[in-house]
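In what follows, a single structure is set out as structure tokens and then discussed.
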Amino acid sequence: MKLNIIDSQDKLPTKKGYAISLIIKKLKGYKDVEVHLFLPEWDDKEALSYDWSKLLGDPIDRNAPADPTGSRKVLMESFTLEERDIVLDYMKKRYVSRLSAINSRPLDLPIPMGLIPLCEIPEDDDIGCIRFEEIPNYNLPFPVHGLYILSQHEPIEENI
């Protein structure tokens, strides 16, 4: 299993700001599926403490009104350095045989306005969410979810 862990060169201006993704060798008939991890819940008081004028950048679409709410959630569903390390350690130990890689890097700041947070992407036949805290023997102190899009990956070819 490859570990691609990039730390911030400078101290992040917030406690949060680290993204994590897993590459699962086989998931629902597809190979090397990228799963983007996120925190489904966070402290609203923490969100109120941030200076969003410095954390949010220009809108993605300059011709449309930009609602900052989704981009704020993108930051809030990311991980602190401590949370990131807890999740990485857990995933390395628990899923070592099922993963081909674990990736982590700091978010690019400022965050563009108009992003859709992972927690708001609706599930369907193609897009799914792993709720790790619902898996038996989960022991992290906070819930972690993982979003995947199957159509972005190759189906596993079965030998007939």
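A note on labels: chains of the structure tokens are A, B, ... as shown, every chain counts residues from 1, and ligands are counted from 1 in their shown order.
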
Per-residue nearest contacts segment 41-110 of chain A to segment 27-31 of chain A, cut-off 12 Å, using only C-alpha atoms, as CSV:
```
residue,atom,partner,partner_atom,distance
A:Arg98,CA,A:Leu27,CA,9.4
A:Leu99,CA,A:Leu27,CA,10.4
A:Ser100,CA,A:Lys31,CA,10.1
```

Which residues, written as a PyMOL selection string, have at least one atom at most 6 Å from Asp32 of chain A, with only C-alpha atoms counted and residues fewer than 3 positions away on the same chain left out? chain A and resi 23-25

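Here atom CA of Leu75 of chain A and atom CA of Met1 of chain A stand 27.4 Å from one another.
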
Minimum-distance residue to Lys92 of chain A, chosen among A:Cys119, A:Lys54, A:Thr14, A:Leu22 (using only C-alpha atoms): A:Leu22

Determine which residues of segment 36-140 of chain A receive a DSSP assignment of alpha helix (DSSP H), computed from the backbone, and state them as a ChimeraX atom specification. /A:44-49,52-55,69-76,81-94

Surrounding residues of Leu56 of chain A excluding itself and chain neighbours under 5 positions, 12 Å, only C-alpha atoms, as a list in words: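 Counting only the stated atoms, we get Pro13, Tyr50, Asp51, Ala66, Asp67, Pro68, Thr69, Gly70, Ser71, Arg72, Lys73, Val74, Leu75, Leu107, Asp108, Leu109, Pro110, Ile111, Pro112, Met113, Gly114 and Leu115 of chain A.
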
Identify which of the residues A:Phe132, A:Trp52, A:Tyr95, A:Tyr138 lies closest to Leu37 of chain A, counting only C-alpha atoms when measuring atom-to-atom distances.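 Checking each candidate against Leu37 of chain A, we get A:Phe132 as the closest.
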
Could you write out, as a ChimeraX atom specification, all the residues of segment 19-90 of chain A that DSSP marks as strand (DSSP E or B)? /A:19-27,30-38,56-59,79-80

Take the residues just selected and output them with N, CA, C and O atoms as a compact mmCIF listing (two decimals), in the first residue's frame.
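Saved result, result_35.txt, follows:
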```txt
# COMPACT_ATOMS: atom_id res chain seq x y z
N ALA A 19 -7.38 17.03 3.64
CA ALA A 19 -8.22 16.10 2.89
C ALA A 19 -7.56 14.72 2.92
O ALA A 19 -6.33 14.61 2.96
N ILE A 20 -8.40 13.68 2.90
CA ILE A 20 -7.92 12.30 2.87
C ILE A 20 -8.73 11.54 1.83
O ILE A 20 -9.95 11.68 1.75
N SER A 21 -8.03 10.72 1.05
CA SER A 21 -8.73 9.79 0.16
C SER A 21 -8.06 8.42 0.24
O SER A 21 -6.86 8.32 0.52
N LEU A 22 -8.87 7.41 0.02
CA LEU A 22 -8.39 6.03 0.00
C LEU A 22 -8.56 5.50 -1.42
O LEU A 22 -9.49 5.89 -2.12
N ILE A 23 -7.69 4.60 -1.81
CA ILE A 23 -7.88 3.86 -3.05
C ILE A 23 -8.16 2.41 -2.63
O ILE A 23 -7.27 1.72 -2.14
N ILE A 24 -9.42 2.01 -2.80
CA ILE A 24 -9.85 0.66 -2.42
C ILE A 24 -9.68 -0.24 -3.64
O ILE A 24 -10.15 0.07 -4.73
N LYS A 25 -8.98 -1.36 -3.42
CA LYS A 25 -8.65 -2.26 -4.53
C LYS A 25 -9.89 -2.75 -5.28
O LYS A 25 -9.91 -2.76 -6.51
N LYS A 26 -10.92 -3.16 -4.55
CA LYS A 26 -12.16 -3.65 -5.16
C LYS A 26 -13.34 -3.14 -4.35
O LYS A 26 -13.39 -3.30 -3.13
N LEU A 27 -14.30 -2.52 -5.06
CA LEU A 27 -15.50 -2.03 -4.40
C LEU A 27 -16.67 -2.14 -5.38
O LEU A 27 -16.63 -1.56 -6.47
N TYR A 30 -15.90 -2.78 -9.03
CA TYR A 30 -14.97 -1.85 -9.68
C TYR A 30 -13.62 -1.95 -8.98
O TYR A 30 -13.52 -2.32 -7.82
N LYS A 31 -12.57 -1.59 -9.74
CA LYS A 31 -11.22 -1.68 -9.16
C LYS A 31 -10.63 -0.30 -8.94
O LYS A 31 -10.91 0.65 -9.66
N ASP A 32 -9.79 -0.24 -7.92
CA ASP A 32 -9.06 0.98 -7.54
C ASP A 32 -10.00 2.19 -7.44
O ASP A 32 -9.80 3.22 -8.08
N VAL A 33 -11.00 2.05 -6.60
CA VAL A 33 -12.01 3.09 -6.42
C VAL A 33 -11.51 4.11 -5.40
O VAL A 33 -11.14 3.76 -4.28
N GLU A 34 -11.51 5.38 -5.82
CA GLU A 34 -11.10 6.45 -4.91
C GLU A 34 -12.28 6.84 -4.03
O GLU A 34 -13.38 7.09 -4.53
N VAL A 35 -12.03 6.87 -2.73
CA VAL A 35 -13.05 7.21 -1.75
C VAL A 35 -12.55 8.45 -0.99
O VAL A 35 -11.49 8.41 -0.37
N HIS A 36 -13.32 9.53 -1.06
CA HIS A 36 -12.95 10.79 -0.41
C HIS A 36 -13.57 10.83 0.98
O HIS A 36 -14.80 10.80 1.12
N LEU A 37 -12.72 10.87 1.99
CA LEU A 37 -13.20 10.86 3.37
C LEU A 37 -13.59 12.26 3.82
O LEU A 37 -12.99 13.25 3.39
N PHE A 38 -14.58 12.30 4.72
CA PHE A 38 -14.98 13.59 5.29
C PHE A 38 -15.67 13.38 6.63
O PHE A 38 -16.12 12.28 6.95
N LEU A 56 -12.16 32.14 2.26
CA LEU A 56 -12.89 31.91 1.02
C LEU A 56 -12.40 32.84 -0.06
O LEU A 56 -12.17 34.03 0.19
N GLY A 57 -12.26 32.29 -1.26
CA GLY A 57 -11.76 33.08 -2.38
C GLY A 57 -12.86 33.49 -3.34
O GLY A 57 -14.04 33.54 -2.99
N ASP A 58 -12.46 33.74 -4.54
CA ASP A 58 -13.40 34.15 -5.58
C ASP A 58 -14.35 33.01 -5.93
O ASP A 58 -14.02 31.83 -5.76
N PRO A 59 -15.52 33.36 -6.46
CA PRO A 59 -16.46 32.32 -6.88
C PRO A 59 -15.93 31.51 -8.06
O PRO A 59 -15.16 32.02 -8.88
N PHE A 79 -10.31 17.57 7.84
CA PHE A 79 -9.74 17.05 9.08
C PHE A 79 -8.68 17.99 9.66
O PHE A 79 -7.96 18.64 8.91
N THR A 80 -8.58 18.00 10.99
CA THR A 80 -7.44 18.64 11.63
C THR A 80 -6.24 17.73 11.43
O THR A 80 -6.39 16.56 11.04
```

Would you kindly return, as a ChimeraX atom specification, each protein, DNA or RNA residue with an atom no farther than 9 Å from any atom of Ile121 of chain A, considering only C-alpha atoms and excluding same-chain residues fewer than 5 positions away? /A:116,127,147

Suppose you want the space between atom CA of Pro106 of chain A and atom CA of Glu41 of chain A; what is it in Å? 19.2 Å

Between A:Ile130, A:Ile135, A:Ile5, A:Leu140, single out the one closest to Leu81 of chain A, counting only C-alpha atoms. A:Ile5

Residue among A:Gly17, A:Pro117, A:Lys2, A:Asp124 lying closest to Ser97 of chain A, counting only C-alpha atoms: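 Using only C-alpha atoms, Ser97 of chain A sits closest to A:Lys2.
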
Neighbour list for Asp126 of chain A as a ChimeraX atom specification, cut-off 10 Å, only C-alpha atoms, skip fewer than 5 positions in-chain: /A:148-152

How many Å lie between atom CA of Pro122 of chain A and atom CA of Trp42 of chain A, rounded to one decimal?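 According to the coordinates, atom CA of Pro122 of chain A and atom CA of Trp42 of chain A are separated by 19.5 Å.
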
Just checking: using only C-alpha atoms, which residue out of A:Asn4, A:Pro141, A:Asp61, A:Gly146 ends up closest to Glu123 of chain A?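 Closest to Glu123 of chain A of all the choices is A:Gly146.
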